[in-house]
Amino acid sequence: MATPEIPEDAAGWTAFLNAKQLPATPQTGTLVLSLLRQKDAPYQKLAAAINQDPILSFYVMAATNENAAGNTSRSNSLDHAISMIGVQRLEKITAKASYFKPDPSNIRHFYYLRALSTSHYAAALMEELAKHKSHLNPESSYWASLFYGTPWWYLWRFATPEMRLIRYAVRSNGKSQEHAEKEVLGCTIREIGIALSKKLALPPLTLECYKLDKALSARQIVSLSRLAHPTGAPDLVEDKTLRHLLQSPSFSITLCNMLAQQSTHDWYSSATLRCQKVLSVLLGWPLHKTVAMTHQVAASMSRAHPYVGVMSPAAKLMLPPREYIRVNSFADNLINQLIQTSPKALNQLGDAKPTSKPVEVAAAIKANADKPAMTETALPAAEKSISTPPTETVPVKAAPVSPTKTTAKPEAPSESNRKLNLTLFKQLTDSLVNQPEQFSDLHEIMNAAVQGITYGLGLKRSTVALANTKLTRLKAYYTVGTRQFPELGNFQIDLTKPSLFSRLMEKQAGIWVGSTTQRSTWNMIPAEFKRISGASEFFLMSVFVLQKPVAVFYADGGIDAPAATDWEYRQFKHMCACVTKCLNFQASRSHKPAE
């Protein structure tokens with residue numbers, strides 16, 4: 001997906017991530033070095049300063065534990081770690097650490113900082129929990145819970161597109177977390193954590209959480225959550241296995257991190273409430289008291305550890321519950337709102353100063369409309385059977401247009417009877433070509449494209465299937481209009497077998513499969529895909545970046561739909577060409593030195 005070096009299993013991810021160095025914030029490093037220049041600075045004061053940045057804390061703890069022979073010689077707290085390595089070693093670690101200047105407008109920075117904030121909340125919650133459970137030590141519990149999130153730090157920093165794709169699959173396509181992780185990463189994040197923890201010098205309690213037999217099952221969480229009561233004490237845990245589980249420090253650490261991760265997304269989701277219910281059973285408290293405690297900890301943690309550009313846990317408490325609107329269910333009025341509130345639309349209405357020079361695209365689209373259709377009729381026999389996208393489909397810049405005037409929209413031919421929104425289509429294609437920096441990564445580009453094809457051109461169903469790095473499989477990820485056709489939104493194609501799709505991976509090309517398609521071409525479409533699609537005609541086009549295949553776009557008018565038109569096919573290819581241009585911009589930018 002992102003680059004050919006992205007691995008596909010836990011061992012590969014461990015090798016890939018372990019070779020990277022997590023960056024800390026320079027402000028914390030400067031503060032620690034200034035304290036070290038003071039004679040006899042208390043370890044507790046040094047630890048408090050280092051704790052402002054969990055990455056610097058991680059480096060100090062790792063330096064203490066990297067040569068430890070066993071759990072007895074490992075450090076469980078930062079104070080203890082500083083006393084073991086001494087101030088001179090601490091100064092060297094701080095001076096040589098990797099640093100970066102956080103920029104919340106950078107999508108990698110933003111998600112990395114948010115992952116650190118989430119871990120800080122999990123640690124604060126675990127510390128509070130330990131104060132009420134005699135078998136837990138608050139200080140060691142704090143650090144063990146903080147470093148439990150280390151695999152997430154690595155992944156959000158060095159695999160941001162893949163992690164965002166997992167979130168999209170779960171929250172927009174309704175897939176389970178585990179299923180989405182396996183599809184995108186080739187394994188679960190926990191499996192990566194288990195393998196990565198063996199390479200990192202983590203505290204003993206954190207290592208305990210990543211043992212194979214310490215995983216919490218969804219069934220256990222649900223079973224425990226049912227014992228909680230809103231205003232009264234929870235029911236007694238009768239199951240012996242669950243009682244033993246509640247006494248395990250690793251269970252408490254894992255639970256606090258689960259709650260922190262769920263609340264980062266939505267404090268008022270059923271998943272967050274389920275974690276709070278389990279926490280109330282663990283504490284033996286009424287649910288309302290437990291929920292209040294989690295909110296109070298969020299407030300205190302947010303004061304102690306603010307992150308610039310990242311909404312704190314306490315601030316998120318002020319947000320209403322999320323409305324889980326699938327992309328497939330966008331209504332016309334919502335689309336219109338998106339258009340009216342977009343910066344370019346406001347510029348055209350004269351309500352704001354232009355943020356960039358508007359571009360006249362009508363001429364480019366009209367030029368495409370004047371060209372003859374390229375409907376493929378014979379794929380296997382000759383090169384002409386698959387047509388590459390014409391270079392003229394990329395919009396050409398013209399003279400600036402006054403921001404108070406609305407630019408002309410591409411007109412659909414009169415025979416088109418789809419429900420069109422050409423303003424949206426033009427807005428998205430303009431942005432992809434002329435403002436590619438607005439899209440942070442592949443996720444946003446593909447999401448914009450499928451919306452433009454479906455809501456802009458009026459085609460009923462649109463899907464983008466991504467090729468894996470070994471080019472052995474195509475897997476559908478981005479989709480609009482397939483809610484009632486889940487198989488079309490999740491199809492897979494084996495590229496090791498000869499088919500129309502494997503041919504599309506040879507070079508960037510498009511094809512209009514329809515009533516005029518020759519039998520030889522139709523026979524190259526996998527039988528399973530024909531069944532999944534169910535459409536009598538559809539468009540396909542491959543997208544390449546830096547001469548490497550990345551994805552295949554699919555679109556159709558729906559089951560038993562009116563015949564597609566030459567204009568629709570040209571606009572479909574135009575969108576794919578715009579995506580190609582935007583992806584090439586992103587690829588060239590990513591080849592620059594990392595920030």
# chains A, B, ... in the order shown; residues from 1 in each chain; ligands from 1

call {"tool": "residues_around", "arguments": {"residues": "region 531-540 of chain A", "least_positions_apart": "6", "cutoff": "7 Å", "atoms": "only C-alpha atoms", "output": "PDB file with all heavy atoms, in the first residue's frame"}}
result
ATOM      1  N   GLU A 487     -20.856  -7.962  -0.455  1.00  0.00           N
ATOM      2  CA  GLU A 487     -19.801  -8.715  -1.141  1.00  0.00           C
ATOM      3  C   GLU A 487     -19.045  -7.838  -2.130  1.00  0.00           C
ATOM      4  O   GLU A 487     -17.835  -7.986  -2.304  1.00  0.00           O
ATOM      5  CB  GLU A 487     -20.400  -9.926  -1.855  1.00  0.00           C
ATOM      6  CG  GLU A 487     -20.853 -11.036  -0.924  1.00  0.00           C
ATOM      7  CD  GLU A 487     -21.355 -12.245  -1.693  1.00  0.00           C
ATOM      8  OE1 GLU A 487     -22.357 -12.112  -2.408  1.00  0.00           O
ATOM      9  OE2 GLU A 487     -20.721 -13.314  -1.582  1.00  0.00           O
ATOM     10  N   LEU A 488     -19.742  -6.912  -2.757  1.00  0.00           N
ATOM     11  CA  LEU A 488     -19.090  -6.009  -3.703  1.00  0.00           C
ATOM     12  C   LEU A 488     -18.184  -5.031  -2.966  1.00  0.00           C
ATOM     13  O   LEU A 488     -17.176  -4.577  -3.510  1.00  0.00           O
ATOM     14  CB  LEU A 488     -20.137  -5.253  -4.521  1.00  0.00           C
ATOM     15  CG  LEU A 488     -19.605  -4.339  -5.634  1.00  0.00           C
ATOM     16  CD1 LEU A 488     -18.788  -5.136  -6.643  1.00  0.00           C
ATOM     17  CD2 LEU A 488     -20.746  -3.609  -6.334  1.00  0.00           C
ATOM     18  N   GLY A 510      -8.054   1.331 -18.804  1.00  0.00           N
ATOM     19  CA  GLY A 510      -9.458   1.291 -18.429  1.00  0.00           C
ATOM     20  C   GLY A 510     -10.247   0.469 -19.425  1.00  0.00           C
ATOM     21  O   GLY A 510      -9.835   0.287 -20.579  1.00  0.00           O
ATOM     22  N   ILE A 511     -11.381  -0.037 -18.992  1.00  0.00           N
ATOM     23  CA  ILE A 511     -12.240  -0.813 -19.882  1.00  0.00           C
ATOM     24  C   ILE A 511     -13.694  -0.636 -19.473  1.00  0.00           C
ATOM     25  O   ILE A 511     -14.015  -0.553 -18.284  1.00  0.00           O
ATOM     26  CB  ILE A 511     -11.862  -2.313 -19.879  1.00  0.00           C
ATOM     27  CG1 ILE A 511     -12.733  -3.097 -20.870  1.00  0.00           C
ATOM     28  CG2 ILE A 511     -11.948  -2.901 -18.484  1.00  0.00           C
ATOM     29  CD1 ILE A 511     -12.247  -4.503 -21.127  1.00  0.00           C
ATOM     30  N   TRP A 512     -14.538  -0.548 -20.461  1.00  0.00           N
ATOM     31  CA  TRP A 512     -15.980  -0.457 -20.267  1.00  0.00           C
ATOM     32  C   TRP A 512     -16.566  -1.810 -20.655  1.00  0.00           C
ATOM     33  O   TRP A 512     -16.629  -2.170 -21.823  1.00  0.00           O
ATOM     34  CB  TRP A 512     -16.533   0.672 -21.135  1.00  0.00           C
ATOM     35  CG  TRP A 512     -18.022   0.848 -21.123  1.00  0.00           C
ATOM     36  CD1 TRP A 512     -18.964   0.088 -20.499  1.00  0.00           C
ATOM     37  CD2 TRP A 512     -18.735   1.892 -21.791  1.00  0.00           C
ATOM     38  NE1 TRP A 512     -20.213   0.570 -20.716  1.00  0.00           N
ATOM     39  CE2 TRP A 512     -20.107   1.691 -21.515  1.00  0.00           C
ATOM     40  CE3 TRP A 512     -18.359   2.967 -22.587  1.00  0.00           C
ATOM     41  CZ2 TRP A 512     -21.093   2.530 -22.021  1.00  0.00           C
ATOM     42  CZ3 TRP A 512     -19.332   3.814 -23.093  1.00  0.00           C
ATOM     43  CH2 TRP A 512     -20.695   3.591 -22.811  1.00  0.00           C
ATOM     44  N   VAL A 513     -16.946  -2.594 -19.669  1.00  0.00           N
ATOM     45  CA  VAL A 513     -17.526  -3.913 -19.898  1.00  0.00           C
ATOM     46  C   VAL A 513     -19.031  -3.750 -20.052  1.00  0.00           C
ATOM     47  O   VAL A 513     -19.699  -3.237 -19.145  1.00  0.00           O
ATOM     48  CB  VAL A 513     -17.212  -4.877 -18.736  1.00  0.00           C
ATOM     49  CG1 VAL A 513     -17.875  -6.226 -18.967  1.00  0.00           C
ATOM     50  CG2 VAL A 513     -15.714  -5.041 -18.577  1.00  0.00           C
ATOM     51  N   GLY A 514     -19.568  -4.146 -21.203  1.00  0.00           N
ATOM     52  CA  GLY A 514     -20.990  -3.964 -21.439  1.00  0.00           C
ATOM     53  C   GLY A 514     -21.519  -4.911 -22.488  1.00  0.00           C
ATOM     54  O   GLY A 514     -20.907  -5.937 -22.799  1.00  0.00           O
ATOM     55  N   SER A 515     -22.628  -4.521 -23.079  1.00  0.00           N
ATOM     56  CA  SER A 515     -23.304  -5.401 -24.037  1.00  0.00           C
ATOM     57  C   SER A 515     -22.484  -5.621 -25.293  1.00  0.00           C
ATOM     58  O   SER A 515     -22.641  -6.640 -25.976  1.00  0.00           O
ATOM     59  CB  SER A 515     -24.665  -4.802 -24.412  1.00  0.00           C
ATOM     60  OG  SER A 515     -24.506  -3.491 -24.949  1.00  0.00           O
ATOM     61  N   VAL A 552      -7.429  -0.698  -8.431  1.00  0.00           N
ATOM     62  CA  VAL A 552      -8.363  -0.792  -9.551  1.00  0.00           C
ATOM     63  C   VAL A 552      -9.683  -0.170  -9.102  1.00  0.00           C
ATOM     64  O   VAL A 552     -10.217  -0.517  -8.049  1.00  0.00           O
ATOM     65  CB  VAL A 552      -8.587  -2.252  -9.992  1.00  0.00           C
ATOM     66  CG1 VAL A 552      -9.750  -2.344 -10.973  1.00  0.00           C
ATOM     67  CG2 VAL A 552      -7.331  -2.814 -10.637  1.00  0.00           C
ATOM     68  N   PHE A 553     -10.198   0.762  -9.912  1.00  0.00           N
ATOM     69  CA  PHE A 553     -11.478   1.408  -9.653  1.00  0.00           C
ATOM     70  C   PHE A 553     -12.585   0.637 -10.363  1.00  0.00           C
ATOM     71  O   PHE A 553     -12.412   0.209 -11.512  1.00  0.00           O
ATOM     72  CB  PHE A 553     -11.465   2.851 -10.162  1.00  0.00           C
ATOM     73  CG  PHE A 553     -10.839   3.832  -9.211  1.00  0.00           C
ATOM     74  CD1 PHE A 553      -9.491   3.778  -8.917  1.00  0.00           C
ATOM     75  CD2 PHE A 553     -11.602   4.811  -8.606  1.00  0.00           C
ATOM     76  CE1 PHE A 553      -8.911   4.680  -8.045  1.00  0.00           C
ATOM     77  CE2 PHE A 553     -11.042   5.716  -7.725  1.00  0.00           C
ATOM     78  CZ  PHE A 553      -9.695   5.651  -7.440  1.00  0.00           C
ATOM     79  N   TYR A 554     -13.696   0.488  -9.688  1.00  0.00           N
ATOM     80  CA  TYR A 554     -14.888  -0.151 -10.260  1.00  0.00           C
ATOM     81  C   TYR A 554     -16.065   0.787 -10.054  1.00  0.00           C
ATOM     82  O   TYR A 554     -16.210   1.397  -8.994  1.00  0.00           O
ATOM     83  CB  TYR A 554     -15.174  -1.481  -9.558  1.00  0.00           C
ATOM     84  CG  TYR A 554     -16.529  -2.080  -9.886  1.00  0.00           C
ATOM     85  CD1 TYR A 554     -16.663  -3.006 -10.913  1.00  0.00           C
ATOM     86  CD2 TYR A 554     -17.675  -1.710  -9.176  1.00  0.00           C
ATOM     87  CE1 TYR A 554     -17.917  -3.556 -11.223  1.00  0.00           C
ATOM     88  CE2 TYR A 554     -18.920  -2.249  -9.480  1.00  0.00           C
ATOM     89  CZ  TYR A 554     -19.030  -3.164 -10.500  1.00  0.00           C
ATOM     90  OH  TYR A 554     -20.257  -3.706 -10.811  1.00  0.00           O
ATOM     91  N   ALA A 555     -16.944   0.886 -11.060  1.00  0.00           N
ATOM     92  CA  ALA A 555     -18.169   1.682 -10.909  1.00  0.00           C
ATOM     93  C   ALA A 555     -19.234   1.133 -11.850  1.00  0.00           C
ATOM     94  O   ALA A 555     -18.928   0.647 -12.950  1.00  0.00           O
ATOM     95  CB  ALA A 555     -17.904   3.152 -11.222  1.00  0.00           C
ATOM     96  N   ASP A 556     -20.468   1.196 -11.402  1.00  0.00           N
ATOM     97  CA  ASP A 556     -21.584   0.792 -12.260  1.00  0.00           C
ATOM     98  C   ASP A 556     -22.817   1.613 -11.908  1.00  0.00           C
ATOM     99  O   ASP A 556     -22.839   2.343 -10.919  1.00  0.00           O
ATOM    100  CB  ASP A 556     -21.867  -0.712 -12.147  1.00  0.00           C
ATOM    101  CG  ASP A 556     -22.371  -1.139 -10.774  1.00  0.00           C
ATOM    102  OD1 ASP A 556     -23.148  -0.376 -10.153  1.00  0.00           O
ATOM    103  OD2 ASP A 556     -22.005  -2.231 -10.310  1.00  0.00           O
ATOM    104  N   GLY A 558     -25.699   0.254 -11.170  1.00  0.00           N
ATOM    105  CA  GLY A 558     -26.582  -0.545 -10.347  1.00  0.00           C
ATOM    106  C   GLY A 558     -27.159  -1.714 -11.123  1.00  0.00           C
ATOM    107  O   GLY A 558     -26.928  -1.875 -12.330  1.00  0.00           O
ATOM    108  N   ILE A 559     -27.919  -2.544 -10.420  1.00  0.00           N
ATOM    109  CA  ILE A 559     -28.565  -3.699 -11.043  1.00  0.00           C
ATOM    110  C   ILE A 559     -29.718  -3.218 -11.935  1.00  0.00           C
ATOM    111  O   ILE A 559     -30.521  -2.367 -11.528  1.00  0.00           O
ATOM    112  CB  ILE A 559     -29.094  -4.668  -9.975  1.00  0.00           C
ATOM    113  CG1 ILE A 559     -27.967  -5.047  -8.999  1.00  0.00           C
ATOM    114  CG2 ILE A 559     -29.682  -5.913 -10.622  1.00  0.00           C
ATOM    115  CD1 ILE A 559     -26.819  -5.787  -9.621  1.00  0.00           C
ATOM    116  N   ASP A 560     -29.800  -3.771 -13.126  1.00  0.00           N
ATOM    117  CA  ASP A 560     -30.871  -3.419 -14.079  1.00  0.00           C
ATOM    118  C   ASP A 560     -30.960  -1.908 -14.297  1.00  0.00           C
ATOM    119  O   ASP A 560     -32.044  -1.325 -14.375  1.00  0.00           O
ATOM    120  CB  ASP A 560     -32.228  -3.949 -13.583  1.00  0.00           C
ATOM    121  CG  ASP A 560     -32.227  -5.467 -13.456  1.00  0.00           C
ATOM    122  OD1 ASP A 560     -31.569  -6.120 -14.282  1.00  0.00           O
ATOM    123  OD2 ASP A 560     -32.883  -5.977 -12.520  1.00  0.00           O
TER     124      ASP A 560
END

call {"tool": "residues_around", "arguments": {"residues": "Thr160 (chain A)", "least_positions_apart": "5", "cutoff": "12 Å", "atoms": "only C-alpha atoms", "output": "count of residues only"}}
result
26

call {"tool": "closest_residue", "arguments": {"among": "A:Asn421, A:Gln571, A:Ser117, A:Thr30", "to": "His305 (chain A)", "atoms": "only C-alpha atoms"}}
result
A:Ser117

call {"tool": "closest_residue", "arguments": {"among": "A:Val308, A:Met258, A:Met61, A:Cys275", "to": "Pro204 (chain A)", "atoms": "only C-alpha atoms"}}
result
A:Met61

call {"tool": "residues_around", "arguments": {"residues": "Glu66 (chain A)", "least_positions_apart": "3", "cutoff": "6 Å", "atoms": "only C-alpha atoms", "output": "PyMOL selection string"}}
result
chain A and resi 62-63+201

call {"tool": "residues_around", "arguments": {"residues": "Pro230 (chain A)", "least_positions_apart": "3", "cutoff": "9 Å", "atoms": "only C-alpha atoms", "output": "PyMOL selection string"}}
result
chain A and resi 233-234+277+286-289

call {"tool": "write_last_selection", "arguments": {"atoms": "N, CA, C and O atoms", "output": "JSON list (two decimals), in the first residue's frame"}}
result
[["chain", "number", "residue", "atom", "x", "y", "z"],
["A", 233, "ALA", "N", -23.96, -1.89, 43.78],
["A", 233, "ALA", "CA", -22.74, -2.68, 43.64],
["A", 233, "ALA", "C", -22.93, -3.75, 42.57],
["A", 233, "ALA", "O", -24.04, -4.26, 42.39],
["A", 234, "PRO", "N", -21.88, -4.12, 41.86],
["A", 234, "PRO", "CA", -22.01, -5.14, 40.82],
["A", 234, "PRO", "C", -22.27, -6.52, 41.41],
["A", 234, "PRO", "O", -22.00, -6.77, 42.60],
["A", 277, "LYS", "N", -18.03, -0.49, 32.53],
["A", 277, "LYS", "CA", -18.76, -1.48, 33.32],
["A", 277, "LYS", "C", -17.82, -2.54, 33.89],
["A", 277, "LYS", "O", -17.94, -2.94, 35.06],
["A", 286, "PRO", "N", -20.54, 1.00, 42.11],
["A", 286, "PRO", "CA", -21.65, 1.26, 41.18],
["A", 286, "PRO", "C", -21.11, 1.90, 39.91],
["A", 286, "PRO", "O", -20.08, 2.59, 39.93],
["A", 287, "LEU", "N", -21.81, 1.69, 38.84],
["A", 287, "LEU", "CA", -21.32, 2.18, 37.55],
["A", 287, "LEU", "C", -21.19, 3.69, 37.53],
["A", 287, "LEU", "O", -20.21, 4.22, 36.98],
["A", 288, "HIS", "N", -22.14, 4.41, 38.12],
["A", 288, "HIS", "CA", -22.08, 5.88, 38.07],
["A", 288, "HIS", "C", -20.83, 6.41, 38.76],
["A", 288, "HIS", "O", -20.24, 7.40, 38.32],
["A", 289, "LYS", "N", -20.40, 5.75, 39.83],
["A", 289, "LYS", "CA", -19.19, 6.17, 40.54],
["A", 289, "LYS", "C", -17.94, 5.90, 39.70],
["A", 289, "LYS", "O", -17.00, 6.72, 39.66]]

call {"tool": "closest_residue", "arguments": {"among": "A:Leu129, A:Val579, A:Leu196, A:Leu428", "to": "Trp13 (chain A)", "atoms": "only C-alpha atoms"}}
result
A:Leu196
